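final08.tsv (TSV, C-alpha atoms and all ligand atoms) appears below.
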chain	number	residue	atom	x	y	z
A	115	MET	CA	79.76	-44.49	-28.86
A	116	SER	CA	76.11	-44.07	-27.95
A	117	ILE	CA	75.23	-40.75	-26.38
A	118	SER	CA	71.74	-41.88	-25.34
A	119	ASP	CA	72.92	-42.40	-21.75
A	120	LYS	CA	75.18	-39.34	-21.61
A	121	ARG	CA	74.76	-36.13	-19.65
A	122	ILE	CA	75.92	-33.16	-21.68
A	123	PHE	CA	76.69	-29.57	-20.68
A	124	ILE	CA	76.76	-26.76	-23.26
A	125	THR	CA	78.08	-23.29	-22.44
A	126	GLY	CA	76.49	-20.79	-24.82
A	127	GLY	CA	73.94	-23.50	-25.57
A	128	ALA	CA	71.09	-21.06	-26.16
A	129	GLY	CA	72.89	-19.41	-29.08
A	130	PHE	CA	72.67	-19.85	-32.81
A	131	ILE	CA	74.76	-23.02	-33.01
A	132	GLY	CA	74.33	-24.25	-29.42
A	133	SER	CA	70.52	-24.36	-29.46
A	134	ARG	CA	70.53	-26.53	-32.60
A	135	LEU	CA	73.15	-28.78	-31.04
A	136	ALA	CA	71.11	-29.16	-27.83
A	137	LEU	CA	68.04	-30.25	-29.79
A	138	ARG	CA	70.04	-32.80	-31.78
A	139	LEU	CA	71.53	-34.26	-28.60
A	140	ILE	CA	68.20	-34.76	-26.85
A	141	ALA	CA	66.83	-36.36	-30.02
A	142	ASP	CA	69.61	-38.93	-29.49
A	143	GLY	CA	68.41	-39.49	-25.92
A	144	ALA	CA	71.06	-37.44	-24.06
A	145	GLN	CA	70.27	-35.25	-21.05
A	146	VAL	CA	71.39	-31.67	-21.77
A	147	THR	CA	72.18	-28.73	-19.50
A	148	VAL	CA	72.64	-25.35	-21.15
A	149	LEU	CA	74.45	-22.52	-19.36
A	150	ASP	CA	73.99	-19.18	-21.08
A	151	ASN	CA	73.80	-15.54	-19.99
A	152	PHE	CA	71.45	-14.62	-22.87
A	153	HIS	CA	73.77	-11.95	-24.16
A	154	PRO	CA	71.55	-9.16	-25.56
A	155	GLN	CA	73.61	-8.93	-28.74
A	156	ALA	CA	72.72	-12.53	-29.61
A	157	HIS	CA	69.21	-12.69	-28.16
A	158	GLU	CA	67.50	-9.28	-28.39
A	159	GLY	CA	64.82	-9.47	-31.08
A	160	ASN	CA	65.82	-13.08	-31.65
A	161	PRO	CA	63.79	-15.11	-29.11
A	162	ASP	CA	63.37	-18.37	-31.03
A	163	ASN	CA	66.69	-20.01	-30.10
A	164	ARG	CA	65.95	-19.56	-26.39
A	165	ALA	CA	62.33	-20.65	-26.78
A	166	SER	CA	63.34	-23.80	-28.67
A	167	LEU	CA	65.06	-25.11	-25.52
A	168	ASN	CA	61.81	-25.25	-23.60
A	169	VAL	CA	61.45	-29.02	-24.05
A	170	ASP	CA	61.89	-32.19	-21.99
A	171	GLY	CA	65.51	-33.26	-21.64
A	172	ILE	CA	67.01	-29.74	-21.57
A	173	THR	CA	67.74	-27.82	-18.37
A	174	VAL	CA	68.58	-24.16	-18.85
A	175	VAL	CA	70.74	-22.28	-16.35
A	176	GLU	CA	70.98	-18.52	-16.83
A	177	ALA	CA	74.50	-17.57	-15.75
A	178	ASP	CA	77.73	-16.05	-16.93
A	179	VAL	CA	80.54	-18.44	-17.84
A	180	CYS	CA	82.88	-16.17	-15.84
A	181	ASP	CA	80.81	-16.61	-12.67
A	182	ALA	CA	82.83	-19.42	-11.05
A	183	ALA	CA	80.32	-20.19	-8.30
A	184	ALA	CA	77.33	-20.35	-10.66
A	185	LEU	CA	79.24	-22.39	-13.22
A	186	GLN	CA	80.48	-24.89	-10.64
A	187	ALA	CA	77.01	-25.23	-9.09
A	188	ALA	CA	75.44	-25.83	-12.51
A	189	MET	CA	78.09	-28.34	-13.45
A	190	LYS	CA	77.90	-30.20	-10.13
A	191	ALA	CA	74.13	-30.47	-10.55
A	192	ALA	CA	74.49	-31.67	-14.15
A	193	GLN	CA	77.39	-34.13	-13.59
A	194	PRO	CA	78.20	-34.10	-17.31
A	195	HIS	CA	80.15	-36.71	-19.26
A	196	ILE	CA	80.64	-34.32	-22.18
A	197	VAL	CA	81.10	-30.52	-22.17
A	198	PHE	CA	80.71	-28.31	-25.24
A	199	HIS	CA	82.24	-24.85	-24.87
A	200	LEU	CA	80.44	-22.39	-27.15
A	201	ALA	CA	79.92	-19.33	-24.93
A	202	ALA	CA	81.88	-16.45	-26.39
A	203	GLU	CA	81.99	-12.85	-27.47
A	204	THR	CA	81.92	-13.29	-31.22
A	205	GLY	CA	82.43	-10.02	-33.16
A	206	THR	CA	85.77	-9.61	-34.91
A	207	GLY	CA	85.40	-5.83	-35.43
A	208	GLN	CA	83.95	-5.24	-31.98
A	209	SER	CA	86.86	-7.03	-30.33
A	210	PHE	CA	89.18	-4.12	-31.23
A	211	ASP	CA	86.91	-1.72	-29.29
A	212	LEU	CA	86.26	-4.01	-26.32
A	213	PRO	CA	89.44	-6.01	-25.81
A	214	THR	CA	88.97	-6.52	-22.07
A	215	ARG	CA	85.40	-7.74	-22.47
A	216	TYR	CA	86.48	-10.16	-25.19
A	217	CYS	CA	89.36	-11.53	-23.16
A	218	ASN	CA	87.26	-11.77	-20.00
A	219	VAL	CA	84.59	-13.90	-21.61
A	220	ASN	CA	86.67	-15.88	-24.08
A	221	VAL	CA	89.86	-16.37	-22.05
A	222	ILE	CA	88.84	-16.07	-18.38
A	223	GLY	CA	85.53	-17.79	-19.19
A	224	THR	CA	87.57	-20.74	-20.45
A	225	THR	CA	89.85	-20.92	-17.41
A	226	THR	CA	86.76	-20.70	-15.18
A	227	LEU	CA	85.30	-23.62	-17.12
A	228	ILE	CA	88.52	-25.62	-16.71
A	229	GLU	CA	88.35	-25.17	-12.94
A	230	ALA	CA	84.68	-26.15	-12.87
A	231	ILE	CA	85.42	-29.31	-14.87
A	232	ARG	CA	88.24	-30.22	-12.49
A	233	ALA	CA	86.10	-29.53	-9.43
A	234	THR	CA	83.21	-31.63	-10.76
A	235	GLY	CA	85.12	-34.67	-12.04
A	236	GLY	CA	83.70	-37.34	-14.32
A	237	VAL	CA	84.00	-35.32	-17.55
A	238	GLU	CA	85.24	-37.50	-20.42
A	239	ARG	CA	85.30	-35.03	-23.31
A	240	VAL	CA	85.47	-31.26	-23.78
A	241	ILE	CA	84.71	-29.97	-27.27
A	242	VAL	CA	85.32	-26.31	-28.09
A	243	ALA	CA	83.97	-24.20	-30.95
A	244	GLY	CA	87.18	-22.86	-32.45
A	245	SER	CA	87.37	-20.32	-35.23
A	246	ARG	CA	89.14	-20.21	-38.59
A	247	SER	CA	90.07	-16.63	-37.68
A	248	VAL	CA	93.12	-18.07	-35.86
A	249	TYR	CA	94.75	-18.69	-39.26
A	250	GLY	CA	94.81	-15.01	-40.25
A	251	GLU	CA	95.22	-14.98	-44.02
A	252	GLY	CA	95.48	-18.78	-44.00
A	253	ALA	CA	97.24	-21.13	-46.40
A	254	CYS	CA	98.75	-19.63	-49.57
A	255	VAL	CA	101.02	-20.71	-52.41
A	256	ASP	CA	103.59	-18.68	-54.32
A	257	ALA	CA	103.94	-18.27	-58.09
A	258	ASP	CA	105.59	-21.72	-58.28
A	259	GLY	CA	102.70	-23.33	-56.41
A	260	LEU	CA	104.81	-23.84	-53.29
A	261	PRO	CA	103.37	-23.22	-49.78
A	262	ALA	CA	104.23	-19.71	-48.56
A	263	ALA	CA	103.40	-17.82	-45.38
A	264	ALA	CA	101.19	-14.75	-45.85
A	265	LEU	CA	101.78	-11.75	-43.64
A	266	GLU	CA	98.96	-9.65	-42.24
A	267	ARG	CA	97.97	-7.33	-45.08
A	268	ASP	CA	99.50	-3.84	-45.02
A	269	PRO	CA	97.00	-0.96	-44.67
A	270	ALA	CA	99.11	1.01	-47.19
A	271	ASP	CA	98.52	-1.70	-49.86
A	272	LEU	CA	94.82	-1.88	-49.03
A	273	LYS	CA	94.50	1.92	-49.38
A	274	ASN	CA	95.98	1.57	-52.88
A	275	GLY	CA	93.43	-1.09	-53.82
A	276	ASP	CA	96.03	-3.87	-53.66
A	277	PHE	CA	94.18	-6.55	-51.69
A	278	ALA	CA	96.27	-9.66	-52.37
A	279	PRO	CA	97.99	-11.39	-49.44
A	280	LYS	CA	101.77	-11.05	-49.64
A	281	ASP	CA	104.82	-12.90	-48.36
A	282	ARG	CA	107.64	-11.23	-46.40
A	283	HIS	CA	109.32	-10.18	-49.67
A	284	GLY	CA	106.17	-8.34	-50.78
A	285	ARG	CA	105.32	-10.94	-53.43
A	286	SER	CA	101.62	-11.57	-54.06
A	287	LEU	CA	100.39	-15.01	-53.02
A	288	THR	CA	97.45	-17.16	-54.04
A	289	PRO	CA	95.25	-18.35	-51.15
A	290	VAL	CA	94.23	-22.03	-51.02
A	291	PRO	CA	91.96	-24.05	-48.67
A	292	THR	CA	93.40	-24.19	-45.17
A	293	ALA	CA	93.98	-27.22	-42.93
A	294	ALA	CA	95.27	-27.03	-39.38
A	295	ALA	CA	97.98	-29.62	-40.05
A	296	SER	CA	99.67	-27.53	-42.73
A	297	CYS	CA	98.91	-23.92	-41.79
A	298	PRO	CA	100.45	-22.16	-38.80
A	299	VAL	CA	98.25	-19.88	-36.73
A	300	ALA	CA	98.50	-16.10	-37.24
A	301	PRO	CA	95.49	-14.43	-35.63
A	302	ALA	CA	94.79	-10.95	-37.02
A	303	SER	CA	92.21	-9.71	-34.49
A	304	ILE	CA	91.66	-9.65	-30.75
A	305	TYR	CA	88.70	-12.00	-31.24
A	306	ALA	CA	90.96	-14.44	-33.10
A	307	SER	CA	93.66	-14.25	-30.42
A	308	SER	CA	91.11	-14.92	-27.70
A	309	LYS	CA	89.67	-17.89	-29.63
A	310	LEU	CA	93.16	-19.33	-30.02
A	311	MET	CA	93.69	-18.98	-26.28
A	312	GLN	CA	90.57	-21.11	-25.69
A	313	GLU	CA	92.13	-23.93	-27.72
A	314	TYR	CA	95.52	-23.63	-26.02
A	315	LEU	CA	94.11	-23.39	-22.50
A	316	LEU	CA	91.84	-26.42	-22.80
A	317	THR	CA	94.54	-28.53	-24.48
A	318	GLN	CA	97.15	-27.58	-21.89
A	319	ALA	CA	94.84	-27.93	-18.88
A	320	PHE	CA	93.84	-31.51	-19.72
A	321	TRP	CA	97.10	-32.74	-21.23
A	322	GLY	CA	97.95	-36.16	-19.79
A	323	THR	CA	94.56	-36.58	-18.08
A	324	ASP	CA	91.55	-38.75	-18.93
A	325	VAL	CA	89.70	-35.71	-20.29
A	326	GLU	CA	89.88	-35.68	-24.10
A	327	VAL	CA	89.84	-32.27	-25.79
A	328	GLY	CA	88.31	-31.80	-29.24
A	329	ILE	CA	88.54	-28.65	-31.33
A	330	LEU	CA	86.32	-27.83	-34.30
A	331	ARG	CA	87.62	-24.78	-36.17
A	332	LEU	CA	84.54	-23.34	-37.83
A	333	GLN	CA	84.36	-21.23	-40.97
A	334	ASN	CA	81.46	-18.80	-41.52
A	335	VAL	CA	78.37	-20.42	-40.06
A	336	TYR	CA	75.06	-19.12	-41.40
A	337	GLY	CA	71.39	-20.01	-41.45
A	338	PRO	CA	68.06	-19.57	-39.69
A	339	GLY	CA	68.46	-18.42	-36.08
A	340	GLN	CA	71.44	-16.12	-36.58
A	341	SER	CA	70.54	-12.73	-35.13
A	342	LEU	CA	69.36	-10.25	-37.76
A	343	ASN	CA	69.84	-7.37	-35.31
A	344	ASN	CA	73.40	-7.95	-34.21
A	345	PRO	CA	75.67	-5.65	-36.23
A	346	TYR	CA	78.66	-7.89	-35.41
A	347	THR	CA	77.09	-11.12	-36.62
A	348	GLY	CA	77.67	-13.05	-39.86
A	349	VAL	CA	77.65	-11.12	-43.13
A	350	LEU	CA	74.73	-13.07	-44.60
A	351	SER	CA	72.41	-12.14	-41.72
A	352	ILE	CA	73.49	-8.52	-42.09
A	353	PHE	CA	72.74	-8.65	-45.82
A	354	ALA	CA	69.35	-10.30	-45.14
A	355	ARG	CA	68.35	-7.44	-42.89
A	356	GLN	CA	69.70	-4.69	-45.15
A	357	ILE	CA	67.95	-6.10	-48.24
A	358	GLN	CA	64.63	-6.19	-46.41
A	359	GLU	CA	65.15	-2.63	-45.20
A	360	GLY	CA	65.52	-1.64	-48.88
A	361	LYS	CA	69.19	-0.68	-48.44
A	362	THR	CA	71.88	-0.89	-51.10
A	363	LEU	CA	74.45	-3.48	-50.03
A	364	GLU	CA	77.91	-2.08	-49.39
A	365	ILE	CA	80.61	-4.53	-50.47
A	366	TYR	CA	84.12	-4.14	-49.03
A	367	GLU	CA	87.38	-4.13	-50.99
A	368	ASP	CA	86.78	-5.17	-54.62
A	369	GLY	CA	84.06	-7.71	-53.86
A	370	VAL	CA	86.42	-10.67	-54.17
A	371	ILE	CA	86.83	-11.31	-50.45
A	372	THR	CA	86.04	-15.01	-50.32
A	373	ARG	CA	84.42	-17.00	-47.52
A	374	ASP	CA	83.42	-20.57	-46.83
A	375	PHE	CA	79.76	-20.52	-45.75
A	376	VAL	CA	78.58	-23.59	-43.86
A	377	LEU	CA	74.99	-24.11	-42.75
A	378	VAL	CA	74.31	-24.18	-39.01
A	379	ASP	CA	72.61	-27.61	-39.15
A	380	ASP	CA	75.73	-29.12	-40.72
A	381	VAL	CA	77.88	-27.56	-37.99
A	382	ALA	CA	75.62	-28.79	-35.17
A	383	ARG	CA	75.84	-32.27	-36.73
A	384	ALA	CA	79.66	-32.07	-36.69
A	385	PHE	CA	79.62	-31.29	-32.94
A	386	GLN	CA	77.16	-34.13	-32.34
A	387	MET	CA	79.45	-36.53	-34.24
A	388	MET	CA	82.43	-35.45	-32.11
A	389	ALA	CA	80.47	-36.40	-28.99
A	390	ALA	CA	79.40	-39.73	-30.46
A	391	ALA	CA	82.69	-40.74	-32.10
A	392	ASP	CA	84.14	-43.98	-30.71
A	393	GLN	CA	87.55	-42.38	-31.11
A	394	MET	CA	87.28	-38.62	-31.03
A	395	PRO	CA	89.73	-37.08	-33.56
A	396	LYS	CA	92.79	-35.79	-31.72
A	397	GLY	CA	93.79	-32.20	-32.38
A	398	ILE	CA	91.98	-29.80	-34.65
A	399	VAL	CA	89.26	-30.58	-37.18
A	400	ASP	CA	88.42	-27.90	-39.77
A	401	ILE	CA	84.72	-27.55	-40.47
A	402	GLY	CA	83.30	-25.66	-43.44
A	403	ALA	CA	81.67	-26.16	-46.80
A	404	GLY	CA	85.12	-26.85	-48.24
A	405	SER	CA	84.52	-24.36	-51.06
A	406	GLY	CA	84.47	-20.59	-51.25
A	407	ALA	CA	82.10	-17.91	-52.54
A	408	SER	CA	83.05	-14.29	-53.12
A	409	ILE	CA	81.10	-11.76	-51.10
A	410	LEU	CA	80.01	-10.12	-54.36
A	411	ASP	CA	78.56	-13.38	-55.72
A	412	VAL	CA	76.84	-14.24	-52.48
A	413	ALA	CA	75.37	-10.72	-52.18
A	414	ARG	CA	73.95	-11.08	-55.70
A	415	MET	CA	72.54	-14.54	-54.89
A	416	MET	CA	70.82	-13.12	-51.83
A	417	LEU	CA	69.40	-10.12	-53.69
A	418	VAL	CA	67.94	-12.45	-56.32
A	419	ALA	CA	66.55	-14.81	-53.64
A	420	PHE	CA	64.74	-11.81	-52.09
A	421	GLY	CA	63.35	-10.86	-55.52
A	422	GLU	CA	65.58	-7.77	-55.84
A	423	SER	CA	67.89	-6.67	-58.64
A	424	PRO	CA	71.33	-8.33	-58.31
A	425	ASP	CA	72.83	-4.88	-58.92
A	426	LYS	CA	71.42	-3.29	-55.78
A	427	LEU	CA	74.91	-3.10	-54.32
A	428	ARG	CA	77.98	-0.91	-54.33
A	429	ILE	CA	81.59	-2.05	-54.27
A	430	THR	CA	83.17	0.48	-51.92
A	431	GLY	CA	86.89	-0.36	-51.89
A	432	ALA	CA	86.74	0.17	-48.10
A	433	PHE	CA	88.57	-2.29	-45.86
A	434	ARG	CA	88.49	-3.25	-42.19
A	435	PRO	CA	91.18	-4.22	-39.68
A	436	GLY	CA	91.21	-7.95	-39.01
A	437	ASP	CA	89.48	-8.82	-42.29
A	438	ILE	CA	91.24	-11.49	-44.26
A	439	ARG	CA	91.10	-11.95	-47.99
A	440	TYR	CA	90.17	-15.58	-48.35
A	441	GLY	CA	88.90	-18.15	-45.87
A	442	VAL	CA	88.10	-21.65	-47.09
A	443	ALA	CA	88.52	-24.89	-45.12
A	444	ASP	CA	90.23	-28.03	-46.25
A	445	ILE	CA	87.71	-30.45	-44.74
A	446	SER	CA	89.47	-33.69	-45.64
A	447	ARG	CA	90.27	-34.47	-41.99
A	448	ALA	CA	86.60	-34.16	-40.98
A	449	ALA	CA	85.67	-36.49	-43.84
A	450	GLU	CA	88.34	-39.03	-42.97
A	451	LEU	CA	88.20	-39.13	-39.17
A	452	LEU	CA	84.67	-38.03	-38.39
A	453	LYS	CA	82.94	-39.22	-41.60
A	454	TRP	CA	81.39	-35.75	-41.70
A	455	GLU	CA	80.68	-33.68	-44.74
A	456	PRO	CA	78.26	-30.83	-45.31
A	457	ALA	CA	74.84	-31.93	-46.53
A	458	MET	CA	73.54	-28.58	-47.77
A	459	ASP	CA	74.90	-26.50	-50.64
A	460	LEU	CA	74.98	-22.71	-50.52
A	461	LYS	CA	72.01	-22.13	-52.82
A	462	GLU	CA	69.68	-24.37	-50.75
A	463	GLY	CA	71.06	-22.95	-47.51
A	464	LEU	CA	70.48	-19.38	-48.65
A	465	GLU	CA	66.88	-20.25	-49.54
A	466	LYS	CA	66.39	-21.44	-45.95
A	467	LEU	CA	67.95	-18.26	-44.58
A	468	VAL	CA	65.88	-16.03	-46.85
A	469	LEU	CA	62.63	-17.79	-45.90
A	470	TRP	CA	63.35	-17.58	-42.17
A	471	SER	CA	64.60	-14.00	-42.22
A	472	SER	CA	61.57	-12.78	-44.20
A	473	GLN	CA	59.28	-14.38	-41.59
A	474	GLN	CA	61.29	-12.75	-38.79
A	475	PHE	CA	61.36	-9.39	-40.48
A	476	HIS	CA	57.60	-9.37	-41.12
A	477	GLU	CA	56.86	-10.43	-37.54
A	478	THR	CA	59.07	-7.63	-36.16
A	479	THR	CA	57.82	-4.93	-38.49
A	480	ALA	CA	54.16	-6.00	-38.08
A	481	GLY	CA	54.50	-6.01	-34.26
B	501	LIG	N1	78.86	-18.35	-36.12
B	501	LIG	C1	80.06	-18.45	-36.69
B	501	LIG	O1	80.24	-18.15	-37.88
B	501	LIG	C2	81.22	-18.97	-35.89
B	501	LIG	C3	82.45	-19.17	-36.55
B	501	LIG	C4	83.54	-19.63	-35.82
B	501	LIG	C5	83.41	-19.90	-34.47
B	501	LIG	N2	82.21	-19.68	-33.86
B	501	LIG	C6	82.13	-19.96	-32.42
B	501	LIG	O2	80.97	-20.75	-32.16
B	501	LIG	C7	80.48	-20.45	-30.86
B	501	LIG	C8	78.99	-20.20	-30.92
B	501	LIG	O3	78.77	-19.08	-31.77
B	501	LIG	P1	77.32	-18.69	-32.33
B	501	LIG	O4	77.51	-18.31	-33.74
B	501	LIG	O5	76.32	-19.72	-31.96
B	501	LIG	O6	77.09	-17.33	-31.54
B	501	LIG	P2	75.91	-16.88	-30.54
B	501	LIG	O7	76.26	-15.51	-30.08
B	501	LIG	O8	74.59	-17.11	-31.14
B	501	LIG	O9	76.09	-17.92	-29.35
B	501	LIG	C9	76.91	-17.68	-28.25
B	501	LIG	C10	76.08	-17.92	-27.01
B	501	LIG	O10	76.93	-17.68	-25.90
B	501	LIG	C11	76.22	-16.90	-24.96
B	501	LIG	N3	77.19	-16.13	-24.19
B	501	LIG	C12	77.92	-15.06	-24.59
B	501	LIG	N4	78.66	-14.61	-23.56
B	501	LIG	C13	78.41	-15.43	-22.52
B	501	LIG	C14	78.86	-15.46	-21.18
B	501	LIG	N5	79.72	-14.54	-20.70
B	501	LIG	N6	78.37	-16.42	-20.35
B	501	LIG	C15	77.47	-17.35	-20.81
B	501	LIG	N7	77.00	-17.35	-22.06
B	501	LIG	C16	77.47	-16.40	-22.90
B	501	LIG	C17	75.29	-16.02	-25.78
B	501	LIG	O11	74.17	-15.56	-25.01
B	501	LIG	C18	74.90	-16.95	-26.89
B	501	LIG	O12	73.70	-17.65	-26.57
B	501	LIG	C19	81.30	-19.27	-30.35
B	501	LIG	O13	82.30	-19.77	-29.50
B	501	LIG	C20	81.94	-18.70	-31.60
B	501	LIG	O14	83.18	-18.07	-31.32
B	501	LIG	C21	81.11	-19.23	-34.53

Translate the structure of the given file into structure tokens.
Amino acid sequence: MSISDKRIFITGGAGFIGSRLALRLIADGAQVTVLDNFHPQAHEGNPDNRASLNVDGITVVEADVCDAAALQAAMKAAQPHIVFHLAAETGTGQSFDLPTRYCNVNVIGTTTLIEAIRATGGVERVIVAGSRSVYGEGACVDADGLPAAALERDPADLKNGDFAPKDRHGRSLTPVPTAAASCPVAPASIYASSKLMQEYLLTQAFWGTDVEVGILRLQNVYGPGQSLNNPYTGVLSIFARQIQEGKTLEIYEDGVITRDFVLVDDVARAFQMMAAADQMPKGIVDIGAGSGASILDVARMMLVAFGESPDKLRITGAFRPGDIRYGVADISRAAELLKWEPAMDLKEGLEKLVLWSSQQFHETTAG
């Protein structure tokens, strides 16, 4: 399907992922409206994403997704065919401290969006940025290689330095790449629960209507444009800042926490392909690199990329509520139905992040 004649509305479209998506869509000839409240946590000291939207083809509306009147007015003016829902509170750790704020924006923001879509009419597709956090520990196999459900890890085990996910009999399990079709949801944080609600609410609200709902469950998105100041942002941006401040990196647990890091440009392309697909994949599509890197390895890679010793780190054994041991996507569904696969490997992606973050850091510290 061509999107050159489509009108597209992106909540949270001035953010890290949304701003790159908006630029891709106008390059395809679409008309884009971005609604964003410029949340200080995402935008303070990080002006480039907002500034990049100052181009023909993009209309920016500064408003809160929970403000029903503002959202409906913006949507009525935009008359979109396609809506991307990216506006969210995004910090896993912070969600424990601010549960009402997280649920207001992520849950009530979504129901407010549903009502605005219904009031406007004419919307063909809604595509939401889901999160792999809804899986909790994710897919695992037992000692015989058979699928087994992992429970949330027990703080008593973690205190004893036993970090492996376990089944209900206390047997250690081996994590494997996770796909929505074979792994039940088990959110382990308030952020994750609120992200799951977004998926449920949109699917339920438009069930049996002409509005198609698409869900991309994203792994750890990284790259240029991710706030270096936000303490609740992705781990690679936090490392980038700490390395440039001359700090020793603190690595949780035993360093073997494993994540699937996917570059922001690849993720924006996946959203663009959902909009353009002749037949949008039904249900959930997992998006990630499809391979994992341990936090210890990635910290060393970043230290080296910044010209530092790979040993300028400390494995602390500390652990955090809501942290899972291993998160890697099985991206076979994205490859099959969307013909999407990541274009950038971790080493090249990290070089991009390092280059961008050193420019940002020098601009801030020189200013
Ligand atoms: N970055 C990741 O690793 C990752 C992983 C999984 C899912 N996601 C999801 O992707 C989406 C985009 O995340 P991102 O990484 O670009 O984060 P981001 O913080 O850069 O972008 C979110 C945008 O939403 C805006 N926003 C926040 N609250 C709002 C509100 N109440 N009203 C209007 N706008 C509001 C922010 O100002 C920001 O521009 C989010 O829904 C997030 O949950 C991101």

Residue contacts of Ser303 of chain A (12 Å, only C-alpha atoms) excluding same-chain residues fewer than 6 positions away, as JSON, numbers by chain: {"A": [204, 205, 206, 207, 208, 209, 210, 211, 212, 213, 216, 217, 245, 246, 247, 248, 249, 250, 251, 266, 309, 310, 434, 435, 436, 437, 438]}

Do you have, as a tab-separated table, the list of residues of chain A lying at most 7 Å from ligand LIG 501 (chain B), each with its nearest atom pair and that distance in Å to one decimal, counting only C-alpha atoms and all ligand atoms and ordered by chain then number?
residue	atom	partner	partner_atom	distance
A:Thr125	CA	B:LIG501	N7	6.0
A:Gly126	CA	B:LIG501	O10	3.3
A:Gly127	CA	B:LIG501	O12	5.9
A:Ala128	CA	B:LIG501	O12	4.3
A:Gly129	CA	B:LIG501	O12	3.2
A:Phe130	CA	B:LIG501	O8	3.7
A:Ile131	CA	B:LIG501	O5	3.8
A:Gly132	CA	B:LIG501	O5	5.6
A:Leu149	CA	B:LIG501	C15	6.2
A:Asp150	CA	B:LIG501	N7	3.7
A:Asn151	CA	B:LIG501	C15	4.2
A:Phe152	CA	B:LIG501	O11	3.6
A:His153	CA	B:LIG501	O11	3.7
A:Pro154	CA	B:LIG501	O11	6.9
A:Ala156	CA	B:LIG501	O7	4.7
A:His157	CA	B:LIG501	O11	6.5
A:Ala177	CA	B:LIG501	C15	5.9
A:Asp178	CA	B:LIG501	N6	3.5
A:Val179	CA	B:LIG501	N6	3.9
A:Cys180	CA	B:LIG501	N5	6.0
A:His199	CA	B:LIG501	O13	6.9
A:Leu200	CA	B:LIG501	O13	4.0
A:Ala201	CA	B:LIG501	O10	3.6
A:Ala202	CA	B:LIG501	C12	4.6
A:Glu203	CA	B:LIG501	N4	5.4
A:Thr204	CA	B:LIG501	O14	4.9
A:Val219	CA	B:LIG501	N5	5.0
A:Gly223	CA	B:LIG501	N5	6.8
A:Ala243	CA	B:LIG501	O2	4.7
A:Gly244	CA	B:LIG501	C5	5.2
A:Ser245	CA	B:LIG501	C4	3.9
A:Arg246	CA	B:LIG501	C4	6.3
A:Lys309	CA	B:LIG501	O14	6.7
A:Arg331	CA	B:LIG501	C4	6.6
A:Leu332	CA	B:LIG501	C4	4.3
A:Gln333	CA	B:LIG501	C3	5.2
A:Asn334	CA	B:LIG501	O1	3.9
A:Val335	CA	B:LIG501	O1	3.7
A:Tyr336	CA	B:LIG501	O1	6.3
A:Gln340	CA	B:LIG501	O8	6.4
A:Gly348	CA	B:LIG501	O1	6.0

Selection near Ser166 of chain A, 9 Å with all atoms listed in the file, sequence-local residues under 3 positions removed, as a PDB file with C-alpha atoms, in the coordinates of the input:
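Output contents, as saved in out_29.pdb:
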ATOM      1  CA  ALA A 128      71.090 -21.060 -26.160  1.00  0.00           C
ATOM      2  CA  SER A 133      70.520 -24.360 -29.460  1.00  0.00           C
ATOM      3  CA  ARG A 134      70.530 -26.530 -32.600  1.00  0.00           C
ATOM      4  CA  LEU A 137      68.040 -30.250 -29.790  1.00  0.00           C
ATOM      5  CA  PRO A 161      63.790 -15.110 -29.110  1.00  0.00           C
ATOM      6  CA  ASP A 162      63.370 -18.370 -31.030  1.00  0.00           C
ATOM      7  CA  ASN A 163      66.690 -20.010 -30.100  1.00  0.00           C
ATOM      8  CA  VAL A 169      61.450 -29.020 -24.050  1.00  0.00           C
TER       9      VAL A 169
END

Report as a tab-separated table: every residue of segment 283-385 of chain A with an atom at most 7 Å from segment 406-410 of chain A, its closest pair of atoms, and their distance in Å to one decimal, counting only C-alpha atoms, with rows sorted by chain and ascending residue number.
residue	atom	partner	partner_atom	distance
A:Ile365	CA	A:Leu410	CA	6.8
A:Gly369	CA	A:Leu410	CA	4.7
A:Val370	CA	A:Ser408	CA	5.1
A:Ile371	CA	A:Ser408	CA	5.5
A:Thr372	CA	A:Ser408	CA	4.2
A:Arg373	CA	A:Gly406	CA	5.2
A:Asp374	CA	A:Gly406	CA	4.5

Would you mind exporting the chosen residues as a short mmCIF file (atom, residue, chain, number, x, y, z; two decimals), in the frame of the given file, restricted to C-alpha atoms?
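So again25.cif came out as:
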data_model
loop_
_atom_site.label_atom_id
_atom_site.label_comp_id
_atom_site.auth_asym_id
_atom_site.auth_seq_id
_atom_site.Cartn_x
_atom_site.Cartn_y
_atom_site.Cartn_z
CA ILE A 365 80.61 -4.53 -50.47
CA GLY A 369 84.06 -7.71 -53.86
CA VAL A 370 86.42 -10.67 -54.17
CA ILE A 371 86.83 -11.31 -50.45
CA THR A 372 86.04 -15.01 -50.32
CA ARG A 373 84.42 -17.00 -47.52
CA ASP A 374 83.42 -20.57 -46.83
#

For Ala230 of chain A, find every residue with an atom within 7 Å (counting only C-alpha atoms), except residues of its own chain fewer than 2 positions away, and show them as a PDB file with C-alpha atoms, in the coordinates of the input.
ATOM      1  CA  LEU A 185      79.240 -22.390 -13.220  1.00  0.00           C
ATOM      2  CA  GLN A 186      80.480 -24.890 -10.640  1.00  0.00           C
ATOM      3  CA  MET A 189      78.090 -28.340 -13.450  1.00  0.00           C
ATOM      4  CA  THR A 226      86.760 -20.700 -15.180  1.00  0.00           C
ATOM      5  CA  LEU A 227      85.300 -23.620 -17.120  1.00  0.00           C
ATOM      6  CA  ILE A 228      88.520 -25.620 -16.710  1.00  0.00           C
ATOM      7  CA  ARG A 232      88.240 -30.220 -12.490  1.00  0.00           C
ATOM      8  CA  ALA A 233      86.100 -29.530  -9.430  1.00  0.00           C
ATOM      9  CA  THR A 234      83.210 -31.630 -10.760  1.00  0.00           C
TER      10      THR A 234
END
